[in-house]
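Beneath this line is the structure, given in structure tokens, with notes to follow.
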Amino acid sequence: MLRRVAGALALFLAMAAPAGAQEEEPTAAPGSIAIGMIETADAEGIFDIVHNGQVSVRHIRSGLVCHFARDGAGGRIVLFRGLPRGEDVACDANDGRESVALYATRYPRTTTLDEQIAGAEQALRTRYPNAQPYTPTLAVNGAAPPFRTVEFIVARREDGARMYSRAAVAIISGWTIKMRYTLLAPDDEAARQGELTSSLMWRTALADVMANPIP
């Protein structure tokens with residue numbers, strides 16, 4: 001069900017394309033675009049492509065799958081320094097209206113959900129000192145692996161625009177999986193749409209990790 005919903009939204013890490021763009025053919029095959037993104041990030045052997053007819057890549061060690069826009073626009077893969085190569089990675093996309101980032105990190109020490117969500121919340125509050133808690137409208141489904149999430153209404157630093165912002169974290173097979181999501185939300189209905197979309201993205205990310213065998 002999560003996969004069907006995510007497919008209908010036509011995004012996971014992807015931004016919603018303008019109506020006119022949806023009728024245009026991509027300039028390159030999705031697989032070629034995905035390979036190009038891996039090469040640009042110098043991530044060969046860390047990520048591989050997912051053969052699903054879309055621009056999708058998989059972090060081999062954690063099983064995290066990133067689904068980008070059909071032409072890869074606004075998306076990238078990141079390998080962070082500090083931990084062994086491939087043990088701290090992310091993929092993100094931003095179109096100025098909506099942004100989402102997924103992280104997979106294997107820490108050299110034991111960590112907990114409470115520790116990780118506290119760090120994510122602190123980072124969010126540091127970036128947006130005026131953050132106000134958002135009251136969720138969706139029930140939490142206990143079928144997913146245990147996770148923590150925080151949701152806020154914030155003001156964008158550049159222009160004060162109202163935004164919905166969410167951080168979520170889970171720990172699966174020693175990997176800390178994290179999501180950060182923001183959406184321009186001038187009214188409560190837009191904020192609820194952000195809550196719905198981010199919830200679907202997050203549950204799809206967890207399902208992908210759980211479904212992929214980890215080497």
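Ordering of the structure tokens sets the chain letters (A, B, ...); residue numbers start at 1 within each chain; ligands are numbered from 1 in the order shown.
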
Quick check for you: according to DSSP on this backbone, which residues of segment 26-155 of chain A are classed as strand (DSSP E or B)? Reply as a JSON list (two decimals) with all heavy atoms, in the first residue's frame.
[["chain", "number", "residue", "atom", "x", "y", "z"],
["A", 44, "GLU", "N", 30.33, 5.40, -6.28],
["A", 44, "GLU", "CA", 30.33, 4.05, -6.85],
["A", 44, "GLU", "C", 30.71, 3.04, -5.77],
["A", 44, "GLU", "O", 31.63, 3.26, -4.99],
["A", 44, "GLU", "CB", 31.31, 3.95, -8.01],
["A", 44, "GLU", "CG", 30.94, 4.80, -9.22],
["A", 44, "GLU", "CD", 31.56, 6.18, -9.19],
["A", 44, "GLU", "OE1", 31.94, 6.65, -8.08],
["A", 44, "GLU", "OE2", 31.67, 6.80, -10.26],
["A", 47, "PHE", "N", 26.43, 3.39, -3.49],
["A", 47, "PHE", "CA", 25.06, 3.38, -3.99],
["A", 47, "PHE", "C", 25.03, 2.59, -5.29],
["A", 47, "PHE", "O", 26.01, 2.58, -6.06],
["A", 47, "PHE", "CB", 24.55, 4.80, -4.26],
["A", 47, "PHE", "CG", 24.15, 5.57, -3.03],
["A", 47, "PHE", "CD1", 25.10, 6.23, -2.26],
["A", 47, "PHE", "CD2", 22.82, 5.64, -2.63],
["A", 47, "PHE", "CE1", 24.74, 6.95, -1.14],
["A", 47, "PHE", "CE2", 22.44, 6.35, -1.51],
["A", 47, "PHE", "CZ", 23.40, 7.01, -0.75],
["A", 48, "ASP", "N", 23.89, 1.96, -5.57],
["A", 48, "ASP", "CA", 23.66, 1.40, -6.89],
["A", 48, "ASP", "C", 22.27, 1.82, -7.36],
["A", 48, "ASP", "O", 21.50, 2.39, -6.60],
["A", 48, "ASP", "CB", 23.84, -0.12, -6.91],
["A", 48, "ASP", "CG", 22.91, -0.86, -5.96],
["A", 48, "ASP", "OD1", 21.95, -0.22, -5.42],
["A", 48, "ASP", "OD2", 23.10, -2.06, -5.74],
["A", 49, "ILE", "N", 21.98, 1.58, -8.63],
["A", 49, "ILE", "CA", 20.69, 2.01, -9.16],
["A", 49, "ILE", "C", 19.63, 0.94, -8.88],
["A", 49, "ILE", "O", 19.94, -0.24, -8.74],
["A", 49, "ILE", "CB", 20.76, 2.33, -10.67],
["A", 49, "ILE", "CG1", 21.01, 1.06, -11.49],
["A", 49, "ILE", "CG2", 21.84, 3.36, -10.94],
["A", 49, "ILE", "CD1", 20.89, 1.30, -12.98],
["A", 56, "SER", "N", 15.97, 6.14, -9.25],
["A", 56, "SER", "CA", 16.06, 5.65, -7.88],
["A", 56, "SER", "C", 17.43, 5.03, -7.64],
["A", 56, "SER", "O", 17.98, 4.36, -8.52],
["A", 56, "SER", "CB", 14.98, 4.59, -7.60],
["A", 56, "SER", "OG", 13.69, 5.12, -7.80],
["A", 57, "VAL", "N", 17.96, 5.26, -6.45],
["A", 57, "VAL", "CA", 19.25, 4.68, -6.06],
["A", 57, "VAL", "C", 19.11, 4.05, -4.69],
["A", 57, "VAL", "O", 18.27, 4.43, -3.89],
["A", 57, "VAL", "CB", 20.38, 5.74, -6.06],
["A", 57, "VAL", "CG1", 20.55, 6.36, -7.43],
["A", 57, "VAL", "CG2", 20.10, 6.82, -5.01],
["A", 58, "ARG", "N", 19.97, 3.07, -4.43],
["A", 58, "ARG", "CA", 19.94, 2.34, -3.15],
["A", 58, "ARG", "C", 21.29, 2.42, -2.48],
["A", 58, "ARG", "O", 22.32, 2.18, -3.11],
["A", 58, "ARG", "CB", 19.58, 0.88, -3.41],
["A", 58, "ARG", "CG", 19.65, -0.03, -2.19],
["A", 58, "ARG", "CD", 19.25, -1.44, -2.57],
["A", 58, "ARG", "NE", 19.40, -2.40, -1.48],
["A", 58, "ARG", "CZ", 20.46, -3.17, -1.29],
["A", 58, "ARG", "NH1", 21.48, -3.11, -2.14],
["A", 58, "ARG", "NH2", 20.51, -4.01, -0.27],
["A", 59, "HIS", "N", 21.26, 2.79, -1.20],
["A", 59, "HIS", "CA", 22.47, 2.72, -0.40],
["A", 59, "HIS", "C", 22.68, 1.25, -0.04],
["A", 59, "HIS", "O", 21.89, 0.65, 0.68],
["A", 59, "HIS", "CB", 22.33, 3.57, 0.87],
["A", 59, "HIS", "CG", 23.53, 3.54, 1.75],
["A", 59, "HIS", "ND1", 23.46, 3.21, 3.10],
["A", 59, "HIS", "CD2", 24.84, 3.76, 1.47],
["A", 59, "HIS", "CE1", 24.67, 3.26, 3.61],
["A", 59, "HIS", "NE2", 25.53, 3.59, 2.66],
["A", 65, "VAL", "N", 16.54, 3.45, 0.15],
["A", 65, "VAL", "CA", 16.29, 3.75, -1.26],
["A", 65, "VAL", "C", 15.83, 5.19, -1.40],
["A", 65, "VAL", "O", 14.97, 5.65, -0.64],
["A", 65, "VAL", "CB", 15.24, 2.79, -1.85],
["A", 65, "VAL", "CG1", 14.95, 3.13, -3.31],
["A", 65, "VAL", "CG2", 15.70, 1.34, -1.74],
["A", 66, "CYS", "N", 16.40, 5.89, -2.36],
["A", 66, "CYS", "CA", 16.05, 7.28, -2.63],
["A", 66, "CYS", "C", 15.42, 7.37, -4.01],
["A", 66, "CYS", "O", 16.02, 6.95, -4.99],
["A", 66, "CYS", "CB", 17.28, 8.18, -2.57],
["A", 66, "CYS", "SG", 18.16, 8.10, -1.00],
["A", 67, "HIS", "N", 14.20, 7.90, -4.07],
["A", 67, "HIS", "CA", 13.47, 8.05, -5.33],
["A", 67, "HIS", "C", 13.43, 9.53, -5.68],
["A", 67, "HIS", "O", 12.83, 10.33, -4.97],
["A", 67, "HIS", "CB", 12.05, 7.52, -5.18],
["A", 67, "HIS", "CG", 11.98, 6.11, -4.70],
["A", 67, "HIS", "ND1", 12.12, 5.02, -5.54],
["A", 67, "HIS", "CD2", 11.80, 5.61, -3.46],
["A", 67, "HIS", "CE1", 12.01, 3.90, -4.84],
["A", 67, "HIS", "NE2", 11.82, 4.23, -3.57],
["A", 75, "GLY", "N", 18.01, 17.02, -7.15],
["A", 75, "GLY", "CA", 18.40, 15.94, -6.26],
["A", 75, "GLY", "C", 19.90, 15.69, -6.26],
["A", 75, "GLY", "O", 20.60, 16.00, -7.23],
["A", 76, "ARG", "N", 20.38, 15.13, -5.17],
["A", 76, "ARG", "CA", 21.80, 14.80, -5.09],
["A", 76, "ARG", "C", 22.03, 13.72, -4.04],
["A", 76, "ARG", "O", 21.18, 13.47, -3.18],
["A", 76, "ARG", "CB", 22.64, 16.03, -4.73],
["A", 76, "ARG", "CG", 22.32, 16.60, -3.36],
["A", 76, "ARG", "CD", 23.27, 17.68, -2.93],
["A", 76, "ARG", "NE", 22.96, 18.13, -1.57],
["A", 76, "ARG", "CZ", 23.79, 18.82, -0.80],
["A", 76, "ARG", "NH1", 24.99, 19.14, -1.25],
["A", 76, "ARG", "NH2", 23.43, 19.18, 0.42],
["A", 77, "ILE", "N", 23.18, 13.07, -4.15],
["A", 77, "ILE", "CA", 23.66, 12.10, -3.18],
["A", 77, "ILE", "C", 24.85, 12.72, -2.46],
["A", 77, "ILE", "O", 25.67, 13.42, -3.07],
["A", 77, "ILE", "CB", 24.10, 10.80, -3.89],
["A", 77, "ILE", "CG1", 22.91, 10.15, -4.59],
["A", 77, "ILE", "CG2", 24.77, 9.83, -2.92],
["A", 77, "ILE", "CD1", 23.32, 9.05, -5.56],
["A", 78, "VAL", "N", 24.96, 12.49, -1.15],
["A", 78, "VAL", "CA", 26.03, 13.07, -0.36],
["A", 78, "VAL", "C", 26.71, 11.98, 0.46],
["A", 78, "VAL", "O", 26.03, 11.17, 1.11],
["A", 78, "VAL", "CB", 25.52, 14.17, 0.59],
["A", 78, "VAL", "CG1", 26.68, 14.79, 1.36],
["A", 78, "VAL", "CG2", 24.75, 15.24, -0.16],
["A", 79, "LEU", "N", 28.04, 11.95, 0.44],
["A", 79, "LEU", "CA", 28.83, 11.11, 1.33],
["A", 79, "LEU", "C", 29.53, 12.04, 2.32],
["A", 79, "LEU", "O", 30.32, 12.90, 1.92],
["A", 79, "LEU", "CB", 29.87, 10.30, 0.56],
["A", 79, "LEU", "CG", 29.40, 9.41, -0.59],
["A", 79, "LEU", "CD1", 30.58, 8.58, -1.13],
["A", 79, "LEU", "CD2", 28.27, 8.51, -0.17],
["A", 88, "ASP", "N", 28.10, 7.12, 6.47],
["A", 88, "ASP", "CA", 27.30, 8.31, 6.79],
["A", 88, "ASP", "C", 26.95, 8.98, 5.46],
["A", 88, "ASP", "O", 27.79, 9.64, 4.85],
["A", 88, "ASP", "CB", 28.10, 9.25, 7.69],
["A", 88, "ASP", "CG", 27.25, 10.39, 8.26],
["A", 88, "ASP", "OD1", 26.01, 10.34, 8.11],
["A", 88, "ASP", "OD2", 27.83, 11.31, 8.87],
["A", 89, "VAL", "N", 25.73, 8.78, 5.01],
["A", 89, "VAL", "CA", 25.33, 9.23, 3.67],
["A", 89, "VAL", "C", 23.97, 9.89, 3.72],
["A", 89, "VAL", "O", 23.23, 9.77, 4.70],
["A", 89, "VAL", "CB", 25.28, 8.04, 2.68],
["A", 89, "VAL", "CG1", 26.61, 7.30, 2.66],
["A", 89, "VAL", "CG2", 24.14, 7.09, 3.03],
["A", 90, "ALA", "N", 23.66, 10.59, 2.65],
["A", 90, "ALA", "CA", 22.34, 11.22, 2.55],
["A", 90, "ALA", "C", 21.99, 11.39, 1.08],
["A", 90, "ALA", "O", 22.85, 11.32, 0.19],
["A", 90, "ALA", "CB", 22.33, 12.58, 3.24],
["A", 91, "CYS", "N", 20.71, 11.58, 0.83],
["A", 91, "CYS", "CA", 20.25, 12.06, -0.47],
["A", 91, "CYS", "C", 19.16, 13.08, -0.21],
["A", 91, "CYS", "O", 18.38, 12.94, 0.74],
["A", 91, "CYS", "CB", 19.77, 10.93, -1.37],
["A", 91, "CYS", "SG", 18.94, 9.59, -0.55],
["A", 92, "ASP", "N", 19.15, 14.14, -1.00],
["A", 92, "ASP", "CA", 18.19, 15.20, -0.74],
["A", 92, "ASP", "C", 17.73, 15.83, -2.04],
["A", 92, "ASP", "O", 18.30, 15.61, -3.11],
["A", 92, "ASP", "CB", 18.75, 16.25, 0.22],
["A", 92, "ASP", "CG", 19.99, 16.96, -0.31],
["A", 92, "ASP", "OD1", 20.07, 17.23, -1.52],
["A", 92, "ASP", "OD2", 20.89, 17.27, 0.49],
["A", 93, "ALA", "N", 16.65, 16.60, -1.92],
["A", 93, "ALA", "CA", 16.11, 17.34, -3.06],
["A", 93, "ALA", "C", 15.41, 18.58, -2.53],
["A", 93, "ALA", "O", 14.84, 18.57, -1.43],
["A", 93, "ALA", "CB", 15.14, 16.48, -3.87],
["A", 94, "ASN", "N", 15.45, 19.65, -3.32],
["A", 94, "ASN", "CA", 14.87, 20.93, -2.90],
["A", 94, "ASN", "C", 14.46, 21.71, -4.13],
["A", 94, "ASN", "O", 15.27, 21.91, -5.04],
["A", 94, "ASN", "CB", 15.91, 21.72, -2.09],
["A", 94, "ASN", "CG", 15.33, 22.95, -1.44],
["A", 94, "ASN", "OD1", 14.33, 23.51, -1.90],
["A", 94, "ASN", "ND2", 15.96, 23.40, -0.37],
["A", 98, "GLU", "N", 9.46, 22.82, -1.45],
["A", 98, "GLU", "CA", 9.47, 21.60, -0.66],
["A", 98, "GLU", "C", 10.89, 21.04, -0.65],
["A", 98, "GLU", "O", 11.58, 21.07, -1.67],
["A", 98, "GLU", "CB", 8.51, 20.58, -1.30],
["A", 98, "GLU", "CG", 8.34, 19.29, -0.53],
["A", 98, "GLU", "CD", 7.36, 18.36, -1.25],
["A", 98, "GLU", "OE1", 7.33, 18.38, -2.51],
["A", 98, "GLU", "OE2", 6.63, 17.63, -0.57],
["A", 99, "SER", "N", 11.34, 20.56, 0.49],
["A", 99, "SER", "CA", 12.65, 19.93, 0.56],
["A", 99, "SER", "C", 12.56, 18.71, 1.45],
["A", 99, "SER", "O", 11.80, 18.67, 2.41],
["A", 99, "SER", "CB", 13.71, 20.90, 1.09],
["A", 99, "SER", "OG", 13.48, 21.21, 2.45],
["A", 100, "VAL", "N", 13.35, 17.70, 1.10],
["A", 100, "VAL", "CA", 13.38, 16.47, 1.89],
["A", 100, "VAL", "C", 14.78, 15.88, 1.80],
["A", 100, "VAL", "O", 15.42, 15.92, 0.76],
["A", 100, "VAL", "CB", 12.31, 15.46, 1.41],
["A", 100, "VAL", "CG1", 12.53, 15.08, -0.04],
["A", 100, "VAL", "CG2", 12.29, 14.22, 2.30],
["A", 101, "ALA", "N", 15.25, 15.38, 2.92],
["A", 101, "ALA", "CA", 16.55, 14.72, 2.97],
["A", 101, "ALA", "C", 16.41, 13.43, 3.77],
["A", 101, "ALA", "O", 15.73, 13.40, 4.80],
["A", 101, "ALA", "CB", 17.60, 15.63, 3.61],
["A", 102, "LEU", "N", 17.05, 12.39, 3.29],
["A", 102, "LEU", "CA", 17.11, 11.11, 3.99],
["A", 102, "LEU", "C", 18.57, 10.79, 4.30],
["A", 102, "LEU", "O", 19.45, 11.00, 3.46],
["A", 102, "LEU", "CB", 16.52, 9.99, 3.13],
["A", 102, "LEU", "CG", 15.00, 9.98, 2.97],
["A", 102, "LEU", "CD1", 14.60, 8.93, 1.96],
["A", 102, "LEU", "CD2", 14.33, 9.71, 4.31],
["A", 103, "TYR", "N", 18.81, 10.30, 5.50],
["A", 103, "TYR", "CA", 20.15, 10.00, 5.97],
["A", 103, "TYR", "C", 20.22, 8.54, 6.43],
["A", 103, "TYR", "O", 19.27, 8.02, 6.99],
["A", 103, "TYR", "CB", 20.54, 10.88, 7.15],
["A", 103, "TYR", "CG", 20.44, 12.36, 6.91],
["A", 103, "TYR", "CD1", 19.21, 13.03, 7.00],
["A", 103, "TYR", "CD2", 21.56, 13.12, 6.60],
["A", 103, "TYR", "CE1", 19.11, 14.39, 6.79],
["A", 103, "TYR", "CE2", 21.48, 14.49, 6.39],
["A", 103, "TYR", "CZ", 20.25, 15.11, 6.49],
["A", 103, "TYR", "OH", 20.15, 16.47, 6.27],
["A", 104, "ALA", "N", 21.38, 7.93, 6.22],
["A", 104, "ALA", "CA", 21.67, 6.60, 6.77],
["A", 104, "ALA", "C", 23.06, 6.68, 7.39],
["A", 104, "ALA", "O", 24.04, 6.99, 6.69],
["A", 104, "ALA", "CB", 21.61, 5.52, 5.69],
["A", 105, "THR", "N", 23.15, 6.39, 8.69],
["A", 105, "THR", "CA", 24.41, 6.51, 9.42],
["A", 105, "THR", "C", 24.60, 5.29, 10.30],
["A", 105, "THR", "O", 23.67, 4.89, 11.01],
["A", 105, "THR", "CB", 24.44, 7.78, 10.29],
["A", 105, "THR", "OG1", 24.13, 8.92, 9.49],
["A", 105, "THR", "CG2", 25.80, 7.96, 10.94],
["A", 132, "GLN", "N", 7.42, 26.54, 16.37],
["A", 132, "GLN", "CA", 6.28, 26.26, 17.25],
["A", 132, "GLN", "C", 5.80, 24.84, 17.00],
["A", 132, "GLN", "O", 5.63, 24.44, 15.85],
["A", 132, "GLN", "CB", 5.14, 27.25, 16.97],
["A", 132, "GLN", "CG", 5.49, 28.71, 17.25],
["A", 132, "GLN", "CD", 5.83, 28.95, 18.71],
["A", 132, "GLN", "OE1", 5.12, 28.45, 19.59],
["A", 132, "GLN", "NE2", 6.88, 29.71, 18.96],
["A", 133, "PRO", "N", 5.56, 24.05, 18.06],
["A", 133, "PRO", "CA", 5.13, 22.67, 17.86],
["A", 133, "PRO", "C", 3.86, 22.59, 17.02],
["A", 133, "PRO", "O", 2.94, 23.41, 17.16],
["A", 133, "PRO", "CB", 4.88, 22.17, 19.29],
["A", 133, "PRO", "CG", 5.75, 23.03, 20.14],
["A", 133, "PRO", "CD", 5.74, 24.39, 19.48],
["A", 147, "PHE", "N", 9.97, 4.29, 15.89],
["A", 147, "PHE", "CA", 10.62, 5.51, 15.44],
["A", 147, "PHE", "C", 10.16, 6.66, 16.31],
["A", 147, "PHE", "O", 9.22, 6.55, 17.10],
["A", 147, "PHE", "CB", 10.34, 5.78, 13.96],
["A", 147, "PHE", "CG", 8.91, 6.09, 13.62],
["A", 147, "PHE", "CD1", 8.42, 7.39, 13.68],
["A", 147, "PHE", "CD2", 8.04, 5.08, 13.20],
["A", 147, "PHE", "CE1", 7.11, 7.69, 13.34],
["A", 147, "PHE", "CE2", 6.73, 5.36, 12.87],
["A", 147, "PHE", "CZ", 6.25, 6.67, 12.94],
["A", 148, "ARG", "N", 10.84, 7.80, 16.17],
["A", 148, "ARG", "CA", 10.47, 9.04, 16.85],
["A", 148, "ARG", "C", 10.32, 10.12, 15.80],
["A", 148, "ARG", "O", 11.02, 10.12, 14.77],
["A", 148, "ARG", "CB", 11.53, 9.46, 17.87],
["A", 148, "ARG", "CG", 11.81, 8.45, 18.96],
["A", 148, "ARG", "CD", 10.70, 8.41, 19.99],
["A", 148, "ARG", "NE", 11.09, 7.56, 21.11],
["A", 148, "ARG", "CZ", 10.95, 6.25, 21.16],
["A", 148, "ARG", "NH1", 10.41, 5.60, 20.12],
["A", 148, "ARG", "NH2", 11.33, 5.55, 22.21],
["A", 149, "THR", "N", 9.43, 11.06, 16.05],
["A", 149, "THR", "CA", 9.24, 12.17, 15.11],
["A", 149, "THR", "C", 8.85, 13.44, 15.85],
["A", 149, "THR", "O", 8.23, 13.38, 16.93],
["A", 149, "THR", "CB", 8.16, 11.81, 14.06],
["A", 149, "THR", "OG1", 8.10, 12.84, 13.06],
["A", 149, "THR", "CG2", 6.80, 11.64, 14.69],
["A", 150, "VAL", "N", 9.26, 14.58, 15.32],
["A", 150, "VAL", "CA", 8.86, 15.89, 15.84],
["A", 150, "VAL", "C", 8.40, 16.73, 14.66],
["A", 150, "VAL", "O", 8.95, 16.62, 13.56],
["A", 150, "VAL", "CB", 10.00, 16.59, 16.60],
["A", 150, "VAL", "CG1", 10.28, 15.89, 17.92],
["A", 150, "VAL", "CG2", 11.27, 16.68, 15.75],
["A", 151, "GLU", "N", 7.39, 17.56, 14.89],
["A", 151, "GLU", "CA", 6.80, 18.38, 13.82],
["A", 151, "GLU", "C", 6.62, 19.80, 14.33],
["A", 151, "GLU", "O", 6.19, 20.01, 15.47],
["A", 151, "GLU", "CB", 5.46, 17.79, 13.39],
["A", 151, "GLU", "CG", 5.57, 16.35, 12.88],
["A", 151, "GLU", "CD", 4.22, 15.70, 12.67],
["A", 151, "GLU", "OE1", 3.56, 16.02, 11.66],
["A", 151, "GLU", "OE2", 3.82, 14.89, 13.53],
["A", 152, "PHE", "N", 6.91, 20.77, 13.46],
["A", 152, "PHE", "CA", 6.86, 22.17, 13.85],
["A", 152, "PHE", "C", 6.32, 23.04, 12.72],
["A", 152, "PHE", "O", 6.37, 22.66, 11.54],
["A", 152, "PHE", "CB", 8.25, 22.69, 14.22],
["A", 152, "PHE", "CG", 8.82, 22.09, 15.48],
["A", 152, "PHE", "CD1", 9.62, 20.96, 15.43],
["A", 152, "PHE", "CD2", 8.56, 22.67, 16.71],
["A", 152, "PHE", "CE1", 10.14, 20.41, 16.59],
["A", 152, "PHE", "CE2", 9.09, 22.14, 17.88],
["A", 152, "PHE", "CZ", 9.88, 21.00, 17.82],
["A", 153, "ILE", "N", 5.83, 24.20, 13.09],
["A", 153, "ILE", "CA", 5.59, 25.29, 12.15],
["A", 153, "ILE", "C", 6.70, 26.29, 12.37],
["A", 153, "ILE", "O", 6.97, 26.71, 13.51],
["A", 153, "ILE", "CB", 4.22, 25.95, 12.39],
["A", 153, "ILE", "CG1", 3.08, 24.96, 12.12],
["A", 153, "ILE", "CG2", 4.07, 27.19, 11.50],
["A", 153, "ILE", "CD1", 3.00, 24.46, 10.68],
["A", 154, "VAL", "N", 7.39, 26.66, 11.29],
["A", 154, "VAL", "CA", 8.55, 27.54, 11.39],
["A", 154, "VAL", "C", 8.44, 28.66, 10.37],
["A", 154, "VAL", "O", 7.60, 28.62, 9.45],
["A", 154, "VAL", "CB", 9.86, 26.75, 11.16],
["A", 154, "VAL", "CG1", 9.97, 25.59, 12.15],
["A", 154, "VAL", "CG2", 9.95, 26.22, 9.73],
["A", 155, "ALA", "N", 9.28, 29.67, 10.54],
["A", 155, "ALA", "CA", 9.36, 30.77, 9.58],
["A", 155, "ALA", "C", 10.68, 30.67, 8.83],
["A", 155, "ALA", "O", 11.75, 30.56, 9.44],
["A", 155, "ALA", "CB", 9.26, 32.12, 10.29]]

Write down as number ranges by chain the residues of chain A whose backbone DSSP state falls under alpha helix (DSSP H).
A: 2-9, 30-40, 113-127, 188-211

Using only C-alpha atoms, determine which residues lie at most 8 Å from segment 167-172 of chain A, disregarding the query and same-chain residues fewer than 3 positions distant; provide the list as a ChimeraX atom specification.
/A:112-113,116-117,120-121,145-151,175-181,202,209-210

Near segment 185-187 of chain A, counting only C-alpha atoms, which residues have an atom at most 9 Å away, once you skip same-chain residues fewer than 5 positions from it, shown as a ChimeraX atom specification?
/A:153,161-164,192-194

If you measure from atom CA of Arg157 of chain A to atom CA of Ala123 of chain A, what distance in Å do you get, rounded to one decimal?
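Between atom CA of Arg157 of chain A and atom CA of Ala123 of chain A the gap is 14.4 Å.
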
Measuring between only C-alpha atoms, which one of A:Gly63, A:Pro108, A:Pro30, A:Gly160 shows the shortest distance to Pro84 of chain A?
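The answer is A:Pro108, which sits nearest to Pro84 of chain A.
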
Check the smallest atom-to-atom distance from each of A:Val55, A:Ala139, A:Leu206, A:Ile35 to Ser173 of chain A using only C-alpha atoms, then report the winner.
A:Leu206

10 Å contact set for Arg85 of chain A, only C-alpha atoms, chain neighbours under 5 positions out, as a ChimeraX atom specification
/A:43,46,79-80

With N, CA and C atoms retained, export the selected residues as an mmCIF file, in the first residue's frame.
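File written: again21.cif
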data_model
loop_
_atom_site.group_PDB
_atom_site.id
_atom_site.type_symbol
_atom_site.label_atom_id
_atom_site.label_comp_id
_atom_site.auth_asym_id
_atom_site.auth_seq_id
_atom_site.Cartn_x
_atom_site.Cartn_y
_atom_site.Cartn_z
ATOM 1 N N ALA A 43 30.204 8.064 -5.570
ATOM 2 C CA ALA A 43 29.579 7.088 -4.672
ATOM 3 C C ALA A 43 29.481 5.696 -5.285
ATOM 4 N N ILE A 46 29.022 2.440 -3.222
ATOM 5 C CA ILE A 46 28.275 2.827 -2.016
ATOM 6 C C ILE A 46 26.779 2.848 -2.324
ATOM 7 N N LEU A 79 28.038 11.952 0.437
ATOM 8 C CA LEU A 79 28.831 11.112 1.326
ATOM 9 C C LEU A 79 29.532 12.038 2.319
ATOM 10 N N PHE A 80 29.235 11.873 3.597
ATOM 11 C CA PHE A 80 29.836 12.720 4.616
ATOM 12 C C PHE A 80 31.169 12.143 5.085
#

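Counting from atom CA of Leu138 of chain A, the distance to atom CA of Gln54 of chain A is 28.9 Å.
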
Could you jot down the atom CA of Glu195 of chain A to atom CA of Leu124 of chain A separation for me, Å, one decimal place?
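Atom CA of Leu124 of chain A lies 16.2 Å from atom CA of Glu195 of chain A.
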
Could you pull the residues within 10 Å of Gly45 of chain A, counting only C-alpha atoms, minus those fewer than 4 positions along the same chain, as a list in words?
Ile38, His59, Ile60, Arg61 and Gly86 of chain A
